[in-house]
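One file, data_36.pdb, is given below (PDB, C-alpha atoms, pLDDT in the B column).
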MODEL        1
ATOM      1  CA  MET T   1      -8.235  11.460 -20.509  1.00 70.00           C
ATOM      2  CA  ASN T   2      -9.914   8.536 -22.223  1.00 74.00           C
ATOM      3  CA  ILE T   3     -11.495   6.072 -19.777  1.00 82.00           C
ATOM      4  CA  GLY T   4     -11.371   3.251 -22.327  1.00 82.00           C
ATOM      5  CA  ARG T   5      -7.610   3.555 -22.831  1.00 82.00           C
ATOM      6  CA  ILE T   6      -7.009   3.785 -19.068  1.00 85.00           C
ATOM      7  CA  PHE T   7      -9.113   0.656 -18.529  1.00 87.00           C
ATOM      8  CA  ALA T   8      -7.190  -1.199 -21.259  1.00 85.00           C
ATOM      9  CA  ILE T   9      -3.832  -0.368 -19.625  1.00 87.00           C
ATOM     10  CA  ALA T  10      -5.169  -1.281 -16.168  1.00 90.00           C
ATOM     11  CA  SER T  11      -6.546  -4.606 -17.457  1.00 90.00           C
ATOM     12  CA  ASN T  12      -3.216  -5.452 -19.057  1.00 88.00           C
ATOM     13  CA  VAL T  13      -1.349  -4.691 -15.809  1.00 87.00           C
ATOM     14  CA  PHE T  14      -3.833  -6.777 -13.831  1.00 91.00           C
ATOM     15  CA  ARG T  15      -3.352  -9.807 -16.091  1.00 88.00           C
ATOM     16  CA  GLU T  16       0.444  -9.472 -16.099  1.00 86.00           C
ATOM     17  CA  VAL T  17       0.718  -9.247 -12.315  1.00 87.00           C
ATOM     18  CA  ILE T  18      -1.663 -12.174 -11.810  1.00 85.00           C
ATOM     19  CA  ARG T  19       0.464 -14.265 -14.197  1.00 81.00           C
ATOM     20  CA  ASP T  20       3.536 -13.477 -12.107  1.00 75.00           C
ATOM     21  CA  ARG T  21       2.068 -15.719  -9.398  1.00 75.00           C
ATOM     22  CA  VAL T  22       1.692 -12.851  -6.990  1.00 77.00           C
ATOM     23  CA  LEU T  23      -1.496 -14.407  -5.674  1.00 75.00           C
ATOM     24  CA  TYR T  24       0.551 -17.361  -4.395  1.00 84.00           C
ATOM     25  CA  LEU T  25       1.057 -15.008  -1.467  1.00 86.00           C
ATOM     26  CA  ILE T  26      -2.535 -15.798  -0.501  1.00 87.00           C
ATOM     27  CA  GLY T  27      -1.555 -19.433  -0.005  1.00 87.00           C
ATOM     28  CA  LEU T  28       1.476 -18.367   2.022  1.00 88.00           C
ATOM     29  CA  PHE T  29      -0.747 -16.167   4.164  1.00 89.00           C
ATOM     30  CA  ALA T  30      -3.134 -19.058   4.822  1.00 89.00           C
ATOM     31  CA  LEU T  31      -0.275 -21.389   5.791  1.00 90.00           C
ATOM     32  CA  VAL T  32       1.181 -18.809   8.195  1.00 86.00           C
ATOM     33  CA  LEU T  33      -2.200 -18.295   9.854  1.00 87.00           C
ATOM     34  CA  VAL T  34      -2.848 -22.029  10.219  1.00 86.00           C
ATOM     35  CA  ALA T  35       0.579 -22.418  11.848  1.00 84.00           C
ATOM     36  CA  CYS T  36      -0.219 -19.539  14.222  1.00 80.00           C
ATOM     37  CA  PHE T  37      -3.533 -21.090  15.234  1.00 79.00           C
ATOM     38  CA  ARG T  38      -1.761 -24.363  15.999  1.00 80.00           C
ATOM     39  CA  LEU T  39       1.337 -23.040  17.764  1.00 78.00           C
ATOM     40  CA  LEU T  40       0.173 -19.982  19.716  1.00 72.00           C
ATOM     41  CA  PRO T  41      -2.010 -21.861  22.225  1.00 66.00           C
ATOM     42  CA  GLU T  42       1.143 -23.774  23.176  1.00 62.00           C
ATOM     43  CA  VAL T  43       3.123 -20.660  24.101  1.00 59.00           C
ATOM     44  CA  ALA T  44       0.500 -18.038  24.981  1.00 58.00           C
ATOM     45  CA  ALA T  45      -1.458 -18.414  28.173  1.00 57.00           C
ATOM     46  CA  ALA T  46      -4.678 -16.450  27.747  1.00 58.00           C
ATOM     47  CA  THR T  47      -3.714 -13.843  25.179  1.00 65.00           C
ATOM     48  CA  GLU T  48      -3.521 -16.010  22.058  1.00 68.00           C
ATOM     49  CA  ASN T  49      -6.709 -14.495  20.592  1.00 74.00           C
ATOM     50  CA  LYS T  50      -5.333 -10.949  20.616  1.00 80.00           C
ATOM     51  CA  ILE T  51      -1.956 -12.155  19.338  1.00 80.00           C
ATOM     52  CA  ILE T  52      -3.628 -14.014  16.456  1.00 84.00           C
ATOM     53  CA  LEU T  53      -5.603 -10.897  15.500  1.00 86.00           C
ATOM     54  CA  ASP T  54      -2.432  -8.783  15.643  1.00 86.00           C
ATOM     55  CA  MET T  55      -0.394 -11.268  13.615  1.00 86.00           C
ATOM     56  CA  GLY T  56      -3.100 -11.754  10.991  1.00 87.00           C
ATOM     57  CA  LEU T  57      -3.494  -8.044  10.316  1.00 90.00           C
ATOM     58  CA  ALA T  58       0.282  -7.491  10.395  1.00 90.00           C
ATOM     59  CA  ALA T  59       0.814 -10.332   7.896  1.00 91.00           C
ATOM     60  CA  MET T  60      -1.769  -8.805   5.553  1.00 92.00           C
ATOM     61  CA  ASN T  61       0.020  -5.469   5.789  1.00 93.00           C
ATOM     62  CA  LEU T  62       3.460  -6.974   5.148  1.00 92.00           C
ATOM     63  CA  LEU T  63       2.469  -9.117   2.157  1.00 92.00           C
ATOM     64  CA  GLY T  64       0.506  -6.272   0.594  1.00 92.00           C
ATOM     65  CA  LEU T  65       3.455  -3.929   1.106  1.00 93.00           C
ATOM     66  CA  VAL T  66       5.805  -6.358  -0.652  1.00 92.00           C
ATOM     67  CA  VAL T  67       3.551  -6.430  -3.721  1.00 92.00           C
ATOM     68  CA  ALA T  68       2.965  -2.658  -3.751  1.00 93.00           C
ATOM     69  CA  VAL T  69       6.673  -1.829  -3.499  1.00 92.00           C
ATOM     70  CA  PHE T  70       8.367  -4.482  -5.611  1.00 90.00           C
ATOM     71  CA  VAL T  71       5.749  -4.594  -8.363  1.00 89.00           C
ATOM     72  CA  GLY T  72       4.908  -0.881  -8.230  1.00 88.00           C
ATOM     73  CA  THR T  73       8.484   0.326  -8.731  1.00 89.00           C
ATOM     74  CA  GLY T  74       8.805  -1.799 -11.848  1.00 84.00           C
ATOM     75  CA  LEU T  75       5.503  -0.908 -13.509  1.00 84.00           C
ATOM     76  CA  VAL T  76       6.937   2.065 -15.398  1.00 79.00           C
ATOM     77  CA  ASN T  77      10.652   1.469 -14.877  1.00 77.00           C
ATOM     78  CA  LYS T  78      10.654  -1.895 -16.665  1.00 77.00           C
ATOM     79  CA  GLU T  79       8.844  -0.358 -19.638  1.00 74.00           C
ATOM     80  CA  ILE T  80      11.560   2.297 -19.816  1.00 71.00           C
ATOM     81  CA  GLU T  81      14.476  -0.134 -19.404  1.00 70.00           C
ATOM     82  CA  LYS T  82      13.103  -2.564 -22.018  1.00 68.00           C
ATOM     83  CA  ARG T  83      12.238   0.358 -24.343  1.00 71.00           C
ATOM     84  CA  THR T  84       8.715  -1.012 -24.761  1.00 68.00           C
ATOM     85  CA  VAL T  85       7.531   2.418 -23.662  1.00 67.00           C
ATOM     86  CA  LEU T  86       8.490   3.656 -27.155  1.00 63.00           C
ATOM     87  CA  MET T  87       5.796   1.482 -28.742  1.00 69.00           C
ATOM     88  CA  LEU T  88       3.226   2.636 -26.200  1.00 66.00           C
ATOM     89  CA  MET T  89       4.051   6.297 -26.693  1.00 65.00           C
ATOM     90  CA  ALA T  90       3.681   5.857 -30.450  1.00 64.00           C
ATOM     91  CA  LYS T  91       0.036   4.987 -29.877  1.00 69.00           C
ATOM     92  CA  PRO T  92      -2.670   7.568 -29.104  1.00 70.00           C
ATOM     93  CA  ILE T  93      -2.085   7.235 -25.342  1.00 74.00           C
ATOM     94  CA  SER T  94      -1.280  10.236 -23.194  1.00 81.00           C
ATOM     95  CA  ARG T  95       1.307   9.938 -20.439  1.00 82.00           C
ATOM     96  CA  THR T  96      -1.366  10.716 -17.869  1.00 86.00           C
ATOM     97  CA  GLU T  97      -3.462   7.792 -19.101  1.00 86.00           C
ATOM     98  CA  PHE T  98      -0.377   5.576 -18.990  1.00 87.00           C
ATOM     99  CA  ILE T  99       0.456   6.432 -15.355  1.00 89.00           C
ATOM    100  CA  VAL T 100      -3.140   6.309 -14.111  1.00 91.00           C
ATOM    101  CA  GLY T 101      -3.785   3.019 -15.919  1.00 91.00           C
ATOM    102  CA  LYS T 102      -0.677   1.424 -14.398  1.00 91.00           C
ATOM    103  CA  HIS T 103      -1.702   2.545 -10.932  1.00 94.00           C
ATOM    104  CA  LEU T 104      -5.298   1.354 -11.266  1.00 94.00           C
ATOM    105  CA  GLY T 105      -4.155  -2.044 -12.566  1.00 93.00           C
ATOM    106  CA  LEU T 106      -1.950  -2.749  -9.563  1.00 93.00           C
ATOM    107  CA  THR T 107      -4.523  -1.263  -7.197  1.00 95.00           C
ATOM    108  CA  ALA T 108      -7.047  -3.783  -8.538  1.00 94.00           C
ATOM    109  CA  VAL T 109      -4.591  -6.622  -7.849  1.00 94.00           C
ATOM    110  CA  LEU T 110      -4.102  -5.316  -4.311  1.00 94.00           C
ATOM    111  CA  ALA T 111      -7.878  -5.174  -3.837  1.00 95.00           C
ATOM    112  CA  VAL T 112      -8.150  -8.857  -4.783  1.00 93.00           C
ATOM    113  CA  LEU T 113      -5.198  -9.727  -2.555  1.00 93.00           C
ATOM    114  CA  VAL T 114      -6.532  -7.861   0.495  1.00 94.00           C
ATOM    115  CA  ALA T 115     -10.086  -9.168  -0.013  1.00 95.00           C
ATOM    116  CA  ALA T 116      -8.887 -12.778  -0.296  1.00 93.00           C
ATOM    117  CA  MET T 117      -6.626 -12.525   2.764  1.00 93.00           C
ATOM    118  CA  THR T 118      -9.413 -10.889   4.773  1.00 94.00           C
ATOM    119  CA  ALA T 119     -11.867 -13.645   3.821  1.00 94.00           C
ATOM    120  CA  ILE T 120      -9.351 -16.368   4.756  1.00 93.00           C
ATOM    121  CA  PHE T 121      -8.554 -14.617   8.038  1.00 92.00           C
ATOM    122  CA  ILE T 122     -12.213 -14.267   9.029  1.00 92.00           C
ATOM    123  CA  ALA T 123     -12.963 -17.879   8.009  1.00 92.00           C
ATOM    124  CA  LEU T 124     -10.107 -19.209  10.162  1.00 89.00           C
ATOM    125  CA  LEU T 125     -11.148 -17.020  13.091  1.00 88.00           C
ATOM    126  CA  ALA T 126     -14.696 -18.350  12.859  1.00 87.00           C
ATOM    127  CA  PHE T 127     -13.539 -21.974  12.433  1.00 86.00           C
ATOM    128  CA  ASN T 128     -11.320 -21.726  15.523  1.00 82.00           C
ATOM    129  CA  ARG T 129     -14.046 -19.888  17.472  1.00 83.00           C
ATOM    130  CA  VAL T 130     -11.953 -16.799  18.090  1.00 80.00           C
ATOM    131  CA  ALA T 131     -14.000 -13.728  18.991  1.00 81.00           C
ATOM    132  CA  TYR T 132     -13.368 -10.819  16.641  1.00 83.00           C
ATOM    133  CA  PRO T 133     -14.986  -7.465  15.746  1.00 85.00           C
ATOM    134  CA  LEU T 134     -16.149  -8.177  12.188  1.00 86.00           C
ATOM    135  CA  GLY T 135     -17.040  -4.608  11.218  1.00 88.00           C
ATOM    136  CA  ASP T 136     -13.771  -3.215  12.574  1.00 90.00           C
ATOM    137  CA  LEU T 137     -11.721  -5.835  10.706  1.00 92.00           C
ATOM    138  CA  LEU T 138     -13.493  -5.023   7.436  1.00 94.00           C
ATOM    139  CA  VAL T 139     -12.900  -1.276   7.876  1.00 94.00           C
ATOM    140  CA  SER T 140      -9.247  -1.950   8.753  1.00 94.00           C
ATOM    141  CA  SER T 141      -8.848  -4.027   5.559  1.00 94.00           C
ATOM    142  CA  LEU T 142     -10.414  -1.263   3.469  1.00 95.00           C
ATOM    143  CA  PHE T 143      -8.002   1.292   4.880  1.00 96.00           C
ATOM    144  CA  LEU T 144      -5.104  -1.146   4.389  1.00 95.00           C
ATOM    145  CA  TRP T 145      -6.012  -1.294   0.696  1.00 96.00           C
ATOM    146  CA  LEU T 146      -6.094   2.510   0.568  1.00 96.00           C
ATOM    147  CA  GLN T 147      -2.692   2.684   2.251  1.00 96.00           C
ATOM    148  CA  LEU T 148      -1.236   0.165  -0.225  1.00 95.00           C
ATOM    149  CA  SER T 149      -2.729   2.182  -3.091  1.00 96.00           C
ATOM    150  CA  LEU T 150      -0.891   5.233  -1.756  1.00 96.00           C
ATOM    151  CA  ILE T 151       2.374   3.277  -1.476  1.00 95.00           C
ATOM    152  CA  THR T 152       1.857   2.110  -5.075  1.00 95.00           C
ATOM    153  CA  ALA T 153       1.625   5.743  -6.167  1.00 95.00           C
ATOM    154  CA  VAL T 154       4.877   6.473  -4.291  1.00 94.00           C
ATOM    155  CA  ALA T 155       6.553   3.487  -5.979  1.00 93.00           C
ATOM    156  CA  ILE T 156       5.418   4.589  -9.441  1.00 93.00           C
ATOM    157  CA  ALA T 157       6.614   8.155  -8.839  1.00 92.00           C
ATOM    158  CA  PHE T 158      10.095   6.935  -7.893  1.00 91.00           C
ATOM    159  CA  GLY T 159      10.133   4.316 -10.665  1.00 87.00           C
ATOM    160  CA  VAL T 160       9.548   7.021 -13.282  1.00 87.00           C
ATOM    161  CA  PHE T 161      12.918   8.740 -12.831  1.00 82.00           C
ATOM    162  CA  THR T 162      15.253   6.229 -11.175  1.00 83.00           C
ATOM    163  CA  GLY T 163      16.306   2.564 -11.327  1.00 80.00           C
ATOM    164  CA  SER T 164      14.321  -0.281  -9.780  1.00 81.00           C
ATOM    165  CA  LEU T 165      16.681  -0.894  -6.854  1.00 86.00           C
ATOM    166  CA  LEU T 166      16.912   2.751  -5.800  1.00 89.00           C
ATOM    167  CA  ALA T 167      13.166   3.236  -6.313  1.00 89.00           C
ATOM    168  CA  THR T 168      12.490   0.232  -4.070  1.00 91.00           C
ATOM    169  CA  LEU T 169      14.765   1.534  -1.316  1.00 93.00           C
ATOM    170  CA  LEU T 170      13.269   5.028  -1.509  1.00 91.00           C
ATOM    171  CA  THR T 171       9.725   3.674  -1.372  1.00 93.00           C
ATOM    172  CA  PHE T 172      10.486   1.559   1.692  1.00 91.00           C
ATOM    173  CA  MET T 173      12.080   4.619   3.291  1.00 90.00           C
ATOM    174  CA  ILE T 174       8.967   6.704   2.617  1.00 90.00           C
ATOM    175  CA  PHE T 175       6.821   3.934   4.090  1.00 91.00           C
ATOM    176  CA  LEU T 176       8.878   3.754   7.287  1.00 88.00           C
ATOM    177  CA  MET T 177       9.089   7.525   7.701  1.00 84.00           C
ATOM    178  CA  GLY T 178       5.420   7.989   6.831  1.00 83.00           C
ATOM    179  CA  SER T 179       4.395   5.394   9.403  1.00 82.00           C
ATOM    180  CA  PHE T 180       6.062   7.444  12.130  1.00 79.00           C
ATOM    181  CA  SER T 181       5.663  10.944  10.692  1.00 71.00           C
ATOM    182  CA  ALA T 182       3.038  11.867  13.299  1.00 67.00           C
ATOM    183  CA  ASN T 183       5.565  11.026  16.026  1.00 70.00           C
ATOM    184  CA  LEU T 184       8.076  13.403  14.413  1.00 68.00           C
ATOM    185  CA  VAL T 185       5.906  16.371  15.332  1.00 65.00           C
ATOM    186  CA  THR T 186       5.697  15.173  18.930  1.00 68.00           C
ATOM    187  CA  LEU T 187       9.456  14.719  19.127  1.00 66.00           C
ATOM    188  CA  GLY T 188      10.025  18.128  17.566  1.00 62.00           C
ATOM    189  CA  ALA T 189       7.651  19.776  20.018  1.00 64.00           C
ATOM    190  CA  GLN T 190       9.547  18.225  22.914  1.00 65.00           C
ATOM    191  CA  SER T 191      12.862  19.485  21.570  1.00 65.00           C
ATOM    192  CA  LYS T 192      14.178  22.841  22.751  1.00 67.00           C
ATOM    193  CA  ASP T 193      15.959  23.389  19.447  1.00 64.00           C
ATOM    194  CA  ALA T 194      13.916  25.574  17.085  1.00 66.00           C
ATOM    195  CA  THR T 195      15.693  24.097  14.040  1.00 69.00           C
ATOM    196  CA  ILE T 196      14.710  20.545  14.962  1.00 67.00           C
ATOM    197  CA  THR T 197      11.137  21.656  15.577  1.00 69.00           C
ATOM    198  CA  THR T 198      10.972  23.329  12.152  1.00 71.00           C
ATOM    199  CA  VAL T 199      12.537  20.358  10.350  1.00 67.00           C
ATOM    200  CA  THR T 200      10.209  17.807  11.950  1.00 67.00           C
ATOM    201  CA  ARG T 201       7.159  19.968  11.201  1.00 70.00           C
ATOM    202  CA  ASN T 202       8.191  20.346   7.542  1.00 69.00           C
ATOM    203  CA  LEU T 203       8.829  16.601   7.230  1.00 68.00           C
ATOM    204  CA  TYR T 204       5.356  15.929   8.584  1.00 69.00           C
ATOM    205  CA  LEU T 205       3.845  18.281   6.002  1.00 72.00           C
ATOM    206  CA  VAL T 206       5.744  16.668   3.114  1.00 76.00           C
ATOM    207  CA  LEU T 207       5.630  12.982   4.051  1.00 81.00           C
ATOM    208  CA  PRO T 208       2.359  11.039   3.873  1.00 86.00           C
ATOM    209  CA  ASP T 209       0.951  10.412   7.344  1.00 85.00           C
ATOM    210  CA  LEU T 210       0.361   6.673   6.950  1.00 89.00           C
ATOM    211  CA  SER T 211      -0.772   6.336  10.554  1.00 87.00           C
ATOM    212  CA  ARG T 212      -4.085   7.868   9.413  1.00 89.00           C
ATOM    213  CA  LEU T 213      -4.670   4.770   7.271  1.00 91.00           C
ATOM    214  CA  ASP T 214      -3.293   2.187   9.711  1.00 90.00           C
ATOM    215  CA  LEU T 215      -6.174   0.874  11.810  1.00 90.00           C
ATOM    216  CA  LYS T 216      -4.709  -2.478  12.880  1.00 88.00           C
ATOM    217  CA  ASN T 217      -4.448  -1.748  16.593  1.00 86.00           C
ATOM    218  CA  GLN T 218      -7.807   0.025  16.776  1.00 88.00           C
ATOM    219  CA  ALA T 219      -9.505  -2.854  14.942  1.00 87.00           C
ATOM    220  CA  VAL T 220      -8.111  -5.494  17.309  1.00 83.00           C
ATOM    221  CA  TYR T 221      -9.547  -3.725  20.333  1.00 83.00           C
ATOM    222  CA  GLY T 222     -12.714  -2.497  18.609  1.00 80.00           C
ATOM    223  CA  LEU T 223     -11.773   1.155  19.042  1.00 84.00           C
ATOM    224  CA  LEU T 224     -12.077   2.604  15.559  1.00 89.00           C
ATOM    225  CA  PRO T 225     -12.282   6.412  15.229  1.00 89.00           C
ATOM    226  CA  PRO T 226     -15.717   7.995  14.615  1.00 92.00           C
ATOM    227  CA  LEU T 227     -17.139   8.042  11.096  1.00 92.00           C
ATOM    228  CA  ASN T 228     -16.246  11.663  10.353  1.00 94.00           C
ATOM    229  CA  THR T 229     -12.596  10.995  11.258  1.00 93.00           C
ATOM    230  CA  LEU T 230     -12.553   7.902   9.066  1.00 94.00           C
ATOM    231  CA  LEU T 231     -13.959   9.865   6.123  1.00 95.00           C
ATOM    232  CA  LEU T 232     -11.433  12.678   6.609  1.00 95.00           C
ATOM    233  CA  ASN T 233      -8.563  10.175   6.732  1.00 94.00           C
ATOM    234  CA  ALA T 234      -9.844   8.384   3.633  1.00 95.00           C
ATOM    235  CA  GLY T 235     -10.117  11.730   1.817  1.00 95.00           C
ATOM    236  CA  TYR T 236      -6.558  12.539   2.900  1.00 93.00           C
ATOM    237  CA  GLY T 237      -5.345   9.276   1.388  1.00 94.00           C
ATOM    238  CA  VAL T 238      -7.191   9.818  -1.903  1.00 95.00           C
ATOM    239  CA  LEU T 239      -5.904  13.394  -2.263  1.00 95.00           C
ATOM    240  CA  TYR T 240      -2.351  12.256  -1.572  1.00 94.00           C
ATOM    241  CA  ILE T 241      -2.655   9.545  -4.226  1.00 95.00           C
ATOM    242  CA  ILE T 242      -3.890  12.100  -6.782  1.00 94.00           C
ATOM    243  CA  LEU T 243      -0.982  14.418  -5.905  1.00 94.00           C
ATOM    244  CA  LEU T 244       1.581  11.630  -6.268  1.00 94.00           C
ATOM    245  CA  LEU T 245       0.152  10.499  -9.616  1.00 94.00           C
ATOM    246  CA  ALA T 246       0.231  14.116 -10.828  1.00 93.00           C
ATOM    247  CA  ILE T 247       3.909  14.352  -9.820  1.00 92.00           C
ATOM    248  CA  ALA T 248       4.658  11.029 -11.514  1.00 91.00           C
ATOM    249  CA  THR T 249       2.922  12.206 -14.694  1.00 90.00           C
ATOM    250  CA  LEU T 250       4.881  15.481 -14.665  1.00 90.00           C
ATOM    251  CA  LEU T 251       8.194  13.657 -14.256  1.00 86.00           C
ATOM    252  CA  PHE T 252       7.267  11.125 -16.920  1.00 84.00           C
ATOM    253  CA  SER T 253       6.243  13.837 -19.392  1.00 80.00           C
ATOM    254  CA  ARG T 254       9.676  15.457 -19.046  1.00 79.00           C
ATOM    255  CA  ARG T 255      11.539  12.259 -19.905  1.00 69.00           C
ATOM    256  CA  GLU T 256      12.701  11.827 -23.483  1.00 66.00           C
ATOM    257  CA  PHE T 257      12.855   8.389 -25.054  1.00 57.00           C
TER     258      PHE T 257
ENDMDL
END
Translate the structure of the given file into structure tokens.
Amino acid sequence: MNIGRIFAIASNVFREVIRDRVLYLIGLFALVLVACFRLLPEVAAATENKIILDMGLAAMNLLGLVVAVFVGTGLVNKEIEKRTVLMLMAKPISRTEFIVGKHLGLTAVLAVLVAAMTAIFIALLAFNRVAYPLGDLLVSSLFLWLQLSLITAVAIAFGVFTGSLLATLLTFMIFLMGSFSANLVTLGAQSKDATITTVTRNLYLVLPDLSRLDLKNQAVYGLLPPLNTLLLNAGYGVLYIILLLAIATLLFSRREF
């Protein structure tokens, strides 16, 4: 792989996504938070601080997920549908460089999005004198970015071989199932049916365990896992991203244009 060509593709994706006014979501996020700070004290007795922390982190997750899914599924699919991929493939660019560059470009956009929302969130918390665990919030945001990067890889993999609508639905399905995949094992263990136990265990092995990268609840209460667990979970996320990009590259290399 050529790093220069990957960087060129990633830079092009970054500029295109920024031009699509995706970062207007940052303004929407700020407006939602300001409304929460104004309205919650009216309806919450003494728990508004925890509710604000929960809502802020949940809003970051939701807005990031929207970008990762809807933009990610179209990164490769739109190139295929518009046949612009033919011009790209005529250049000295390998399909691996193409896939990796697309993923890195959107991942960079997500990094800017998450960083900006985190900064706005912390600034509003400080302005309104809401107590918050700064270090835990920063770690939670970092893992949110890693989770969104993984979802982007899922979206690209589906976008390589199917249409945008189906790829979007499949990616959302993987996100929902991956968020609760750890619970599948528990449910299977409680079942007396050996078939159900086997199916749930296999699903857990295949689906990404997104709960490893979701630290919202732990961050709110300042109960993050120890450092070695965090590093293992981060390594799990990175390895899963590499695997998904390898699958996407394999599928893309088998397509004929």
* Suppose you want the space between atom CA of Leu142 of chain T and atom CA of Ala234 of chain T; what is it in Å? -> 9.7 Å
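Atom CA of Ile122 of chain T to atom CA of Phe172 of chain T spans 28.6 Å [interatomic distance, one decimal].
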* Looking at T:Leu110, T:Val32, T:Leu213, T:Val220, which one is nearest to Leu57 of chain T, with distances taken over only C-alpha atoms? -> T:Val220
* Asked: Which of these, T:Leu113, T:Thr168, T:Phe127, T:Leu227, has the shortest distance to Leu63 of chain T once you count all atoms listed in the file?
  ->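 Under the stated criterion, the closest residue is T:Leu113.
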* atom CA of Ile120 of chain T to atom CA of Leu138 of chain T, distance in Å rounded to a single decimal -> 12.4 Å
* Asked: For Trp145 of chain T, which residue out of T:Asp214, T:Asp54, T:Asp209, T:Glu16 is the nearest one, using only C-alpha atoms?
  ->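 Nearest candidate to Trp145 of chain T out of T:Asp214, T:Asp54, T:Asp209, T:Glu16: T:Asp214.
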* Considering all atoms listed in the file, state which residue in the set T:Ala219, T:Met117, T:Leu243, T:Val17 is at the smallest distance from Asn61 of chain T. => T:Met117
* Do a neighbour search on segment 64-71 of chain T at 7 Å with all atoms listed in the file, toss out local chain neighbours closer than 5 positions, and write the hits as a list in words. => Leu110, Leu148, Ile151, Thr152, Ala155, Thr168 and Thr171 of chain T
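Taking all atoms listed in the file into account, Leu134 of chain T lies nearest to T:Gly222 out of the set T:Gly222, T:Phe180, T:Leu25, T:Gly163.
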